[in-house]
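Enquirer: I have a structure here, written as structure tokens, and I will follow up with some questions on it.
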Amino acid sequence: MVAKPNPNRQNAKNPMTGNAMQTAIPCLFMRGGTSRGPFFNAADLPSDIPTRDKVLLAVMGSPDKRQIDGLGGAHPLTSKVGIVSKGSRPGVDLDFLFAQLQPDKDTVDTTPNCGNMLAAVVPFALETGLVKPQGDTTTLRVLTLNTDMQCDITVQTPDGHVEYEGAARIDGAPGTSAPIKINFLDTAGSVAPGLLPTGNVRDVIDGITVTCIDNGMPLVIFKSADVGRTGYESVDQLNADTELKARIERLRIACGHAMQLGDVTAKNYPKMTLISAPRAGGAISTRSFIPHVCHDAIGVLAAVTVATACVLDGSITQGIAVVPGENAKTISVEHPTGEFSVEIEVDPANPQNVTSAALLRTARLLMRGEAMVPASVWAGHFSAVPEPRRARQA
């Protein structure tokens with residue numbers, strides 16, 4: 001794809017005064033897994049972080065609980081941004097920076113990962129010409145800058161185009177789509193200092209027995225029964241349970257210190273995961289708080305981390321989780337809207353060592369165009385815009 005000069009690419013101007021009022025930024029709006037948000041080429045955003053964050057807040061319409069003046073969807077799962085660039089290290093094809101915004105806050109958090117948005121990184125890069133397709137499938141190595149984590153992502157690219165239609169289904173997203181396989185290469189201690197940042201597979205913190213673990217996402221895992229709940233409550237019930245949420249937040253803050261994460265009061269991690277026995281043929285049932293809202297499903301890397309806990313001897317999942325006996329295990333993590341299967345492989349010589357974690361996601365390009373931000377936020381200018389790809393004929 002070749003970038004061509006576009007005489008209409010200048011900032012929108014007031015026809016009465018000629019003054020620039022808004023800045024237009026090339027953007028693809030994409031669904032990644034069970035999340036969605038705008039994706040940008042890093043080169044099209046401000047290079048200094050404070051200005052970049054102001055731009056992202058303006059794009060999403062935060063802070064406002066409805067995000068009525070932006071692209072946000074009034075929920076943490078739809079208040080996410082992807083920023084992509086060419087790989088900066090040998091052997092890495094693409095760099096990915098994930099930004100988590102909140103509807104009613106003026107924060108831009110680039111500390112955690114998002115495995116759902118990660119699924120849209122390679123499709124974005126192919127759609128915008130950052131990389132070229134390799135054949136019927138394209139596998140690229142992606143570095144998540146947030147946590148210095150690498151993974152190999154495989155996308156279907158027949159005839160040199162990203163294929164979005166297919167038979168793969170993931171709970172939490174309607175219909176079926178083409179499969180996107182993500183093979184995580186090194187996820188242990190993504191944010192916390194190590195897989196088990198307290199040094200133990202099980203701890204008692206603030207009166208509750210927990211497993212504090214980070215295999216892609218810092219989690220605090222504990223039994224639903226230990227906070228007086230079944231673990232099968234609906235998302236609406238849990239979000240309305242102010243007593244439970246206050247108890248979980250007190251535990252989260254205490255665990256943050258135990259996990260060497262410092263004061264996590266204003267942070268989006270660790271996530272809090274209630275567990276109970278599976279009900280639908282899976283390995284374990286979960287209710288995930290992210291961290292103050294109960295998730296309709298479960299995050300990709302949270303599922304990887306829960307699955308990891310299921311195979312660790314002595315973790316809080318022991319006696320609850322139903323785990324296959326072989327070294328390569330498929331762990332089905334049940335959540336409020338279905339299940340999430342993670343392929344976990346352990347070292348036969350050391351069953352506590354997880355050697356790989358792979359999963360299936362889907363993605364779709366929803367819209368291409370330009371995100372508009374007030375020039376008072378950023379008066380950036382662009383001289384070129386990627387030439388739109390022609391729709392593939394049926």
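Labels used: A, B, ... for chains in the order of the structure tokens, numbers from 1 for residues in each chain, and numbers from 1 for ligands as shown.
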Which polymer residues have any atom within 9 Å of an atom of Ala357 (chain A), counting only C-alpha atoms, with same-chain residues fewer than 6 positions away left out, as a list in words?
Expert: Ile182, Asn183, Phe184, Leu185, Asp186, Thr187, Val304, Thr308, Val342, Glu343, Ile344 and Glu345 of chain A
Enquirer: Tell me, as an mmCIF file with all heavy atoms, in the first residue's frame, which residues lie within 8 Å of region 203-217 of chain A, counting only C-alpha atoms; anything in the same chain fewer than 2 positions away does not count.
Expert:
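Output saved as part.cif:
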data_model
loop_
_atom_site.group_PDB
_atom_site.id
_atom_site.type_symbol
_atom_site.label_atom_id
_atom_site.label_comp_id
_atom_site.auth_asym_id
_atom_site.auth_seq_id
_atom_site.Cartn_x
_atom_site.Cartn_y
_atom_site.Cartn_z
ATOM 1 N N PRO A 112 -0.756 -2.320 31.587
ATOM 2 C CA PRO A 112 -1.139 -3.722 31.369
ATOM 3 C C PRO A 112 -1.195 -4.096 29.901
ATOM 4 O O PRO A 112 -1.139 -3.243 29.006
ATOM 5 C CB PRO A 112 -2.541 -3.785 31.993
ATOM 6 C CG PRO A 112 -3.101 -2.418 31.768
ATOM 7 C CD PRO A 112 -1.938 -1.468 31.884
ATOM 8 N N ASN A 113 -1.319 -5.393 29.665
ATOM 9 C CA ASN A 113 -1.566 -5.912 28.321
ATOM 10 C C ASN A 113 -3.059 -5.991 28.050
ATOM 11 O O ASN A 113 -3.879 -5.882 28.955
ATOM 12 C CB ASN A 113 -1.004 -7.333 28.184
ATOM 13 C CG ASN A 113 0.497 -7.357 28.131
ATOM 14 O OD1 ASN A 113 1.110 -6.454 27.612
ATOM 15 N ND2 ASN A 113 1.096 -8.406 28.669
ATOM 16 N N THR A 187 5.348 -14.991 29.020
ATOM 17 C CA THR A 187 4.368 -14.141 29.679
ATOM 18 C C THR A 187 4.552 -14.053 31.193
ATOM 19 O O THR A 187 3.935 -13.205 31.838
ATOM 20 C CB THR A 187 2.947 -14.659 29.402
ATOM 21 O OG1 THR A 187 2.884 -16.045 29.734
ATOM 22 C CG2 THR A 187 2.578 -14.466 27.939
ATOM 23 N N ALA A 188 5.359 -14.914 31.770
ATOM 24 C CA ALA A 188 5.507 -14.933 33.225
ATOM 25 C C ALA A 188 6.081 -13.615 33.731
ATOM 26 O O ALA A 188 7.088 -13.123 33.216
ATOM 27 C CB ALA A 188 6.393 -16.091 33.659
ATOM 28 N N GLY A 189 5.421 -13.043 34.743
ATOM 29 C CA GLY A 189 5.892 -11.782 35.306
ATOM 30 C C GLY A 189 5.754 -10.625 34.344
ATOM 31 O O GLY A 189 6.671 -9.825 34.197
ATOM 32 N N SER A 190 4.607 -10.514 33.687
ATOM 33 C CA SER A 190 4.426 -9.453 32.683
ATOM 34 C C SER A 190 4.461 -8.064 33.310
ATOM 35 O O SER A 190 4.995 -7.116 32.721
ATOM 36 C CB SER A 190 3.098 -9.653 31.945
ATOM 37 O OG SER A 190 1.991 -9.444 32.806
ATOM 38 N N VAL A 191 3.900 -7.910 34.489
ATOM 39 C CA VAL A 191 3.900 -6.634 35.215
ATOM 40 C C VAL A 191 4.526 -6.812 36.590
ATOM 41 O O VAL A 191 5.355 -6.007 37.018
ATOM 42 C CB VAL A 191 2.469 -6.074 35.349
ATOM 43 C CG1 VAL A 191 2.468 -4.784 36.163
ATOM 44 C CG2 VAL A 191 1.850 -5.831 33.979
ATOM 45 N N ALA A 192 4.127 -7.859 37.279
ATOM 46 C CA ALA A 192 4.684 -8.162 38.592
ATOM 47 C C ALA A 192 6.064 -8.818 38.444
ATOM 48 O O ALA A 192 6.408 -9.303 37.360
ATOM 49 C CB ALA A 192 3.737 -9.093 39.359
ATOM 50 N N GLY A 194 7.705 -11.602 38.444
ATOM 51 C CA GLY A 194 7.719 -13.052 38.407
ATOM 52 C C GLY A 194 6.337 -13.660 38.335
ATOM 53 O O GLY A 194 5.316 -12.995 38.558
ATOM 54 N N LEU A 195 6.299 -14.953 38.022
ATOM 55 C CA LEU A 195 5.038 -15.675 37.904
ATOM 56 C C LEU A 195 4.275 -15.659 39.222
ATOM 57 O O LEU A 195 3.061 -15.443 39.248
ATOM 58 C CB LEU A 195 5.306 -17.122 37.476
ATOM 59 C CG LEU A 195 4.090 -18.037 37.372
ATOM 60 C CD1 LEU A 195 3.193 -17.623 36.209
ATOM 61 C CD2 LEU A 195 4.526 -19.499 37.204
ATOM 62 N N LEU A 196 4.987 -15.890 40.313
ATOM 63 C CA LEU A 196 4.393 -15.873 41.656
ATOM 64 C C LEU A 196 5.080 -14.762 42.455
ATOM 65 O O LEU A 196 6.069 -15.007 43.160
ATOM 66 C CB LEU A 196 4.564 -17.236 42.332
ATOM 67 C CG LEU A 196 3.891 -18.419 41.616
ATOM 68 C CD1 LEU A 196 4.344 -19.746 42.218
ATOM 69 C CD2 LEU A 196 2.371 -18.287 41.660
ATOM 70 N N PRO A 197 4.598 -13.548 42.323
ATOM 71 C CA PRO A 197 5.341 -12.391 42.851
ATOM 72 C C PRO A 197 5.448 -12.345 44.370
ATOM 73 O O PRO A 197 6.322 -11.650 44.899
ATOM 74 C CB PRO A 197 4.542 -11.193 42.327
ATOM 75 C CG PRO A 197 3.189 -11.727 42.001
ATOM 76 C CD PRO A 197 3.399 -13.139 41.571
ATOM 77 N N THR A 198 4.603 -13.087 45.106
ATOM 78 C CA THR A 198 4.765 -13.124 46.560
ATOM 79 C C THR A 198 5.785 -14.173 46.986
ATOM 80 O O THR A 198 6.156 -14.245 48.156
ATOM 81 C CB THR A 198 3.431 -13.439 47.257
ATOM 82 O OG1 THR A 198 3.059 -14.798 46.983
ATOM 83 C CG2 THR A 198 2.331 -12.490 46.806
ATOM 84 N N ASN A 200 5.066 -17.317 46.804
ATOM 85 C CA ASN A 200 4.274 -18.474 47.223
ATOM 86 C C ASN A 200 3.188 -18.765 46.203
ATOM 87 O O ASN A 200 2.697 -17.862 45.522
ATOM 88 C CB ASN A 200 3.614 -18.210 48.587
ATOM 89 C CG ASN A 200 4.608 -17.794 49.650
ATOM 90 O OD1 ASN A 200 5.627 -18.448 49.832
ATOM 91 N ND2 ASN A 200 4.326 -16.701 50.335
ATOM 92 N N VAL A 201 2.807 -20.029 46.116
ATOM 93 C CA VAL A 201 1.712 -20.398 45.233
ATOM 94 C C VAL A 201 0.367 -20.124 45.897
ATOM 95 O O VAL A 201 -0.665 -20.044 45.232
ATOM 96 C CB VAL A 201 1.835 -21.870 44.806
ATOM 97 C CG1 VAL A 201 1.474 -22.806 45.956
ATOM 98 C CG2 VAL A 201 0.966 -22.160 43.589
ATOM 99 N N LEU A 219 -3.084 -11.228 38.509
ATOM 100 C CA LEU A 219 -4.383 -11.633 39.030
ATOM 101 C C LEU A 219 -4.276 -11.991 40.502
ATOM 102 O O LEU A 219 -3.248 -12.505 40.959
ATOM 103 C CB LEU A 219 -4.923 -12.868 38.301
ATOM 104 C CG LEU A 219 -5.362 -12.819 36.852
ATOM 105 C CD1 LEU A 219 -6.069 -14.119 36.493
ATOM 106 C CD2 LEU A 219 -6.259 -11.641 36.572
ATOM 107 N N VAL A 220 -5.382 -11.749 41.201
ATOM 108 C CA VAL A 220 -5.593 -12.307 42.536
ATOM 109 C C VAL A 220 -6.763 -13.268 42.393
ATOM 110 O O VAL A 220 -7.873 -12.864 42.033
ATOM 111 C CB VAL A 220 -5.907 -11.216 43.569
ATOM 112 C CG1 VAL A 220 -6.172 -11.850 44.931
ATOM 113 C CG2 VAL A 220 -4.760 -10.209 43.653
ATOM 114 N N ILE A 221 -6.515 -14.551 42.630
ATOM 115 C CA ILE A 221 -7.527 -15.586 42.453
ATOM 116 C C ILE A 221 -7.942 -16.101 43.828
ATOM 117 O O ILE A 221 -7.084 -16.429 44.658
ATOM 118 C CB ILE A 221 -6.998 -16.736 41.588
ATOM 119 C CG1 ILE A 221 -6.456 -16.193 40.242
ATOM 120 C CG2 ILE A 221 -8.080 -17.780 41.333
ATOM 121 C CD1 ILE A 221 -5.797 -17.251 39.372
ATOM 122 N N PHE A 222 -9.252 -16.166 44.064
ATOM 123 C CA PHE A 222 -9.743 -16.636 45.358
ATOM 124 C C PHE A 222 -11.102 -17.294 45.172
ATOM 125 O O PHE A 222 -11.792 -17.080 44.175
ATOM 126 C CB PHE A 222 -9.826 -15.495 46.366
ATOM 127 C CG PHE A 222 -10.599 -14.294 45.890
ATOM 128 C CD1 PHE A 222 -11.905 -14.082 46.302
ATOM 129 C CD2 PHE A 222 -10.011 -13.370 45.033
ATOM 130 C CE1 PHE A 222 -12.619 -12.980 45.869
ATOM 131 C CE2 PHE A 222 -10.717 -12.255 44.602
ATOM 132 C CZ PHE A 222 -12.031 -12.062 45.012
ATOM 133 N N LYS A 223 -11.473 -18.110 46.142
ATOM 134 C CA LYS A 223 -12.720 -18.852 46.056
ATOM 135 C C LYS A 223 -13.909 -17.931 46.314
ATOM 136 O O LYS A 223 -13.897 -17.131 47.252
ATOM 137 C CB LYS A 223 -12.731 -19.991 47.073
ATOM 138 C CG LYS A 223 -11.672 -21.057 46.835
ATOM 139 C CD LYS A 223 -11.713 -22.104 47.933
ATOM 140 C CE LYS A 223 -10.619 -23.149 47.761
ATOM 141 N NZ LYS A 223 -10.628 -24.146 48.862
ATOM 142 N N ASP A 226 -15.313 -17.982 49.763
ATOM 143 C CA ASP A 226 -14.586 -17.290 50.826
ATOM 144 C C ASP A 226 -15.022 -15.844 51.000
ATOM 145 O O ASP A 226 -14.637 -15.193 51.977
ATOM 146 C CB ASP A 226 -13.077 -17.359 50.565
ATOM 147 C CG ASP A 226 -12.518 -18.754 50.818
ATOM 148 O OD1 ASP A 226 -13.245 -19.587 51.403
ATOM 149 O OD2 ASP A 226 -11.359 -19.022 50.424
ATOM 150 N N LEU A 251 -9.167 -6.117 49.531
ATOM 151 C CA LEU A 251 -8.255 -7.230 49.283
ATOM 152 C C LEU A 251 -7.278 -6.893 48.167
ATOM 153 O O LEU A 251 -6.080 -7.204 48.256
ATOM 154 C CB LEU A 251 -9.057 -8.482 48.929
ATOM 155 C CG LEU A 251 -8.267 -9.726 48.518
ATOM 156 C CD1 LEU A 251 -7.390 -10.218 49.655
ATOM 157 C CD2 LEU A 251 -9.210 -10.833 48.045
ATOM 158 N N ALA A 254 -4.449 -4.656 49.353
ATOM 159 C CA ALA A 254 -3.505 -5.411 50.186
ATOM 160 C C ALA A 254 -2.643 -6.333 49.332
ATOM 161 O O ALA A 254 -1.427 -6.447 49.531
ATOM 162 C CB ALA A 254 -4.276 -6.214 51.241
ATOM 163 N N CYS A 255 -3.260 -6.993 48.344
ATOM 164 C CA CYS A 255 -2.504 -7.899 47.475
ATOM 165 C C CYS A 255 -1.527 -7.134 46.585
ATOM 166 O O CYS A 255 -0.454 -7.655 46.250
ATOM 167 C CB CYS A 255 -3.468 -8.716 46.620
ATOM 168 S SG CYS A 255 -4.378 -9.973 47.537
ATOM 169 N N MET A 259 2.245 -8.245 46.155
ATOM 170 C CA MET A 259 2.754 -8.618 44.837
ATOM 171 C C MET A 259 3.857 -7.680 44.363
ATOM 172 O O MET A 259 4.288 -7.755 43.211
ATOM 173 C CB MET A 259 1.609 -8.645 43.825
ATOM 174 C CG MET A 259 0.545 -9.686 44.129
ATOM 175 S SD MET A 259 -0.944 -9.542 43.076
ATOM 176 C CE MET A 259 -0.312 -10.194 41.504
ATOM 177 N N PRO A 270 -3.893 -5.322 40.189
ATOM 178 C CA PRO A 270 -4.258 -6.635 39.655
ATOM 179 C C PRO A 270 -5.764 -6.772 39.451
ATOM 180 O O PRO A 270 -6.551 -6.117 40.125
ATOM 181 C CB PRO A 270 -3.770 -7.600 40.745
ATOM 182 C CG PRO A 270 -3.847 -6.787 42.010
ATOM 183 C CD PRO A 270 -3.483 -5.392 41.608
ATOM 184 N N LYS A 271 -6.142 -7.631 38.483
ATOM 185 C CA LYS A 271 -7.540 -7.984 38.311
ATOM 186 C C LYS A 271 -7.914 -8.990 39.406
ATOM 187 O O LYS A 271 -7.069 -9.727 39.903
ATOM 188 C CB LYS A 271 -7.797 -8.611 36.939
ATOM 189 C CG LYS A 271 -7.156 -7.879 35.765
ATOM 190 C CD LYS A 271 -7.689 -6.489 35.548
ATOM 191 C CE LYS A 271 -7.155 -5.905 34.242
ATOM 192 N NZ LYS A 271 -7.498 -4.493 34.060
ATOM 193 N N LEU A 301 -5.566 -12.506 28.564
ATOM 194 C CA LEU A 301 -4.414 -12.813 29.400
ATOM 195 C C LEU A 301 -4.831 -13.191 30.813
ATOM 196 O O LEU A 301 -4.114 -13.926 31.500
ATOM 197 C CB LEU A 301 -3.445 -11.630 29.390
ATOM 198 C CG LEU A 301 -2.797 -11.443 28.011
ATOM 199 C CD1 LEU A 301 -2.202 -10.058 27.871
ATOM 200 C CD2 LEU A 301 -1.735 -12.508 27.766
ATOM 201 N N ALA A 302 -5.991 -12.733 31.231
ATOM 202 C CA ALA A 302 -6.525 -13.214 32.508
ATOM 203 C C ALA A 302 -6.857 -14.698 32.400
ATOM 204 O O ALA A 302 -6.595 -15.480 33.323
ATOM 205 C CB ALA A 302 -7.758 -12.408 32.906
ATOM 206 N N VAL A 304 -5.416 -16.846 30.373
ATOM 207 C CA VAL A 304 -4.127 -17.545 30.359
ATOM 208 C C VAL A 304 -3.601 -17.714 31.777
ATOM 209 O O VAL A 304 -3.102 -18.787 32.170
ATOM 210 C CB VAL A 304 -3.112 -16.791 29.485
ATOM 211 C CG1 VAL A 304 -1.708 -17.360 29.655
ATOM 212 C CG2 VAL A 304 -3.515 -16.847 28.014
ATOM 213 N N THR A 305 -3.730 -16.662 32.579
ATOM 214 C CA THR A 305 -3.211 -16.710 33.941
ATOM 215 C C THR A 305 -4.029 -17.642 34.821
ATOM 216 O O THR A 305 -3.479 -18.390 35.638
ATOM 217 C CB THR A 305 -3.153 -15.286 34.522
ATOM 218 O OG1 THR A 305 -2.342 -14.456 33.670
ATOM 219 C CG2 THR A 305 -2.538 -15.282 35.911
ATOM 220 N N THR A 308 -3.072 -21.100 33.934
ATOM 221 C CA THR A 308 -1.768 -21.416 34.518
ATOM 222 C C THR A 308 -1.920 -21.819 35.976
ATOM 223 O O THR A 308 -1.313 -22.807 36.429
ATOM 224 C CB THR A 308 -0.828 -20.213 34.393
ATOM 225 O OG1 THR A 308 -0.691 -19.856 33.011
ATOM 226 C CG2 THR A 308 0.543 -20.526 34.960
ATOM 227 N N ALA A 309 -2.723 -21.069 36.712
ATOM 228 C CA ALA A 309 -2.956 -21.414 38.119
ATOM 229 C C ALA A 309 -3.539 -22.812 38.254
ATOM 230 O O ALA A 309 -3.232 -23.541 39.213
ATOM 231 C CB ALA A 309 -3.871 -20.381 38.767
ATOM 232 N N SER A 315 -2.020 -24.446 44.167
ATOM 233 C CA SER A 315 -2.699 -23.158 43.989
ATOM 234 C C SER A 315 -4.117 -23.219 44.540
ATOM 235 O O SER A 315 -4.645 -24.291 44.856
ATOM 236 C CB SER A 315 -2.724 -22.751 42.514
ATOM 237 O OG SER A 315 -3.819 -23.329 41.839
ATOM 238 N N ILE A 316 -4.761 -22.074 44.617
ATOM 239 C CA ILE A 316 -6.113 -21.967 45.156
ATOM 240 C C ILE A 316 -7.121 -22.755 44.325
ATOM 241 O O ILE A 316 -8.199 -23.097 44.796
ATOM 242 C CB ILE A 316 -6.529 -20.487 45.252
ATOM 243 C CG1 ILE A 316 -7.787 -20.313 46.110
ATOM 244 C CG2 ILE A 316 -6.725 -19.886 43.887
ATOM 245 C CD1 ILE A 316 -7.586 -20.635 47.557
#
Enquirer: With distances taken over only C-alpha atoms, which residue among A:Val264, A:Ile320, A:Leu57, A:Leu366 lies nearest Phe124 (chain A)?
Expert: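 So, comparing all the options, the nearest one is A:Leu366.
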Enquirer: Could you go through region 101-204 of chain A and tell me which residues DSSP, when run on the backbone, assigns to strand (DSSP E or B), listing them as JSON, numbers by chain?
Expert: {"A": [101, 108, 109, 137, 138, 139, 140, 141, 142, 143, 144, 149, 150, 151, 152, 153, 154, 155, 156, 168, 177, 180, 181, 182, 183, 184, 188, 203, 204]}
Enquirer: Mind pulling up the distance from CA of Pro46 (chain A) to CA of Gly380 (chain A)?
Expert: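 Those two atoms sit 7.7 Å apart.
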Enquirer: Among region 80-206 of chain A, which ones does DSSP assign to helix (DSSP H, G or I) (computed from the backbone)? Answer as an NGL selection string.
Expert: :A and (115-118 or 121-128 or 158-160)
Enquirer: Restrict the selected residues to C-alpha atoms and save them as a PDB file, in the first residue's frame.
Expert:
ATOM      1  CA  GLY A 115      -4.835  -9.991  24.653  1.00  0.00           C
ATOM      2  CA  ASN A 116      -8.144  -9.182  22.967  1.00  0.00           C
ATOM      3  CA  MET A 117      -6.920  -5.999  21.264  1.00  0.00           C
ATOM      4  CA  LEU A 118      -3.715  -7.882  20.473  1.00  0.00           C
ATOM      5  CA  VAL A 121      -2.658  -5.873  15.584  1.00  0.00           C
ATOM      6  CA  VAL A 122      -1.594  -7.963  12.576  1.00  0.00           C
ATOM      7  CA  PRO A 123      -4.825  -7.269  10.635  1.00  0.00           C
ATOM      8  CA  PHE A 124      -4.268  -3.536  11.245  1.00  0.00           C
ATOM      9  CA  ALA A 125      -0.670  -3.726  10.048  1.00  0.00           C
ATOM     10  CA  LEU A 126      -1.686  -5.619   6.912  1.00  0.00           C
ATOM     11  CA  GLU A 127      -4.591  -3.279   6.170  1.00  0.00           C
ATOM     12  CA  THR A 128      -2.392  -0.184   6.440  1.00  0.00           C
ATOM     13  CA  PRO A 158      -5.738 -15.747   1.123  1.00  0.00           C
ATOM     14  CA  ASP A 159      -5.026 -13.828  -2.093  1.00  0.00           C
ATOM     15  CA  GLY A 160      -3.024 -11.286  -0.112  1.00  0.00           C
TER      16      GLY A 160
END
Enquirer: Which one of A:Ala99, A:Ile83, A:Val162, A:Ala167 sits closest to Asp136 (chain A) if you count only C-alpha atoms?
Expert: A:Val162
Enquirer: Restricting the calculation to only C-alpha atoms: of A:Ala173, A:Val108, A:Ile331, A:Val323, which residue gets closest to Gly32 (chain A)?
Expert: A:Ala173
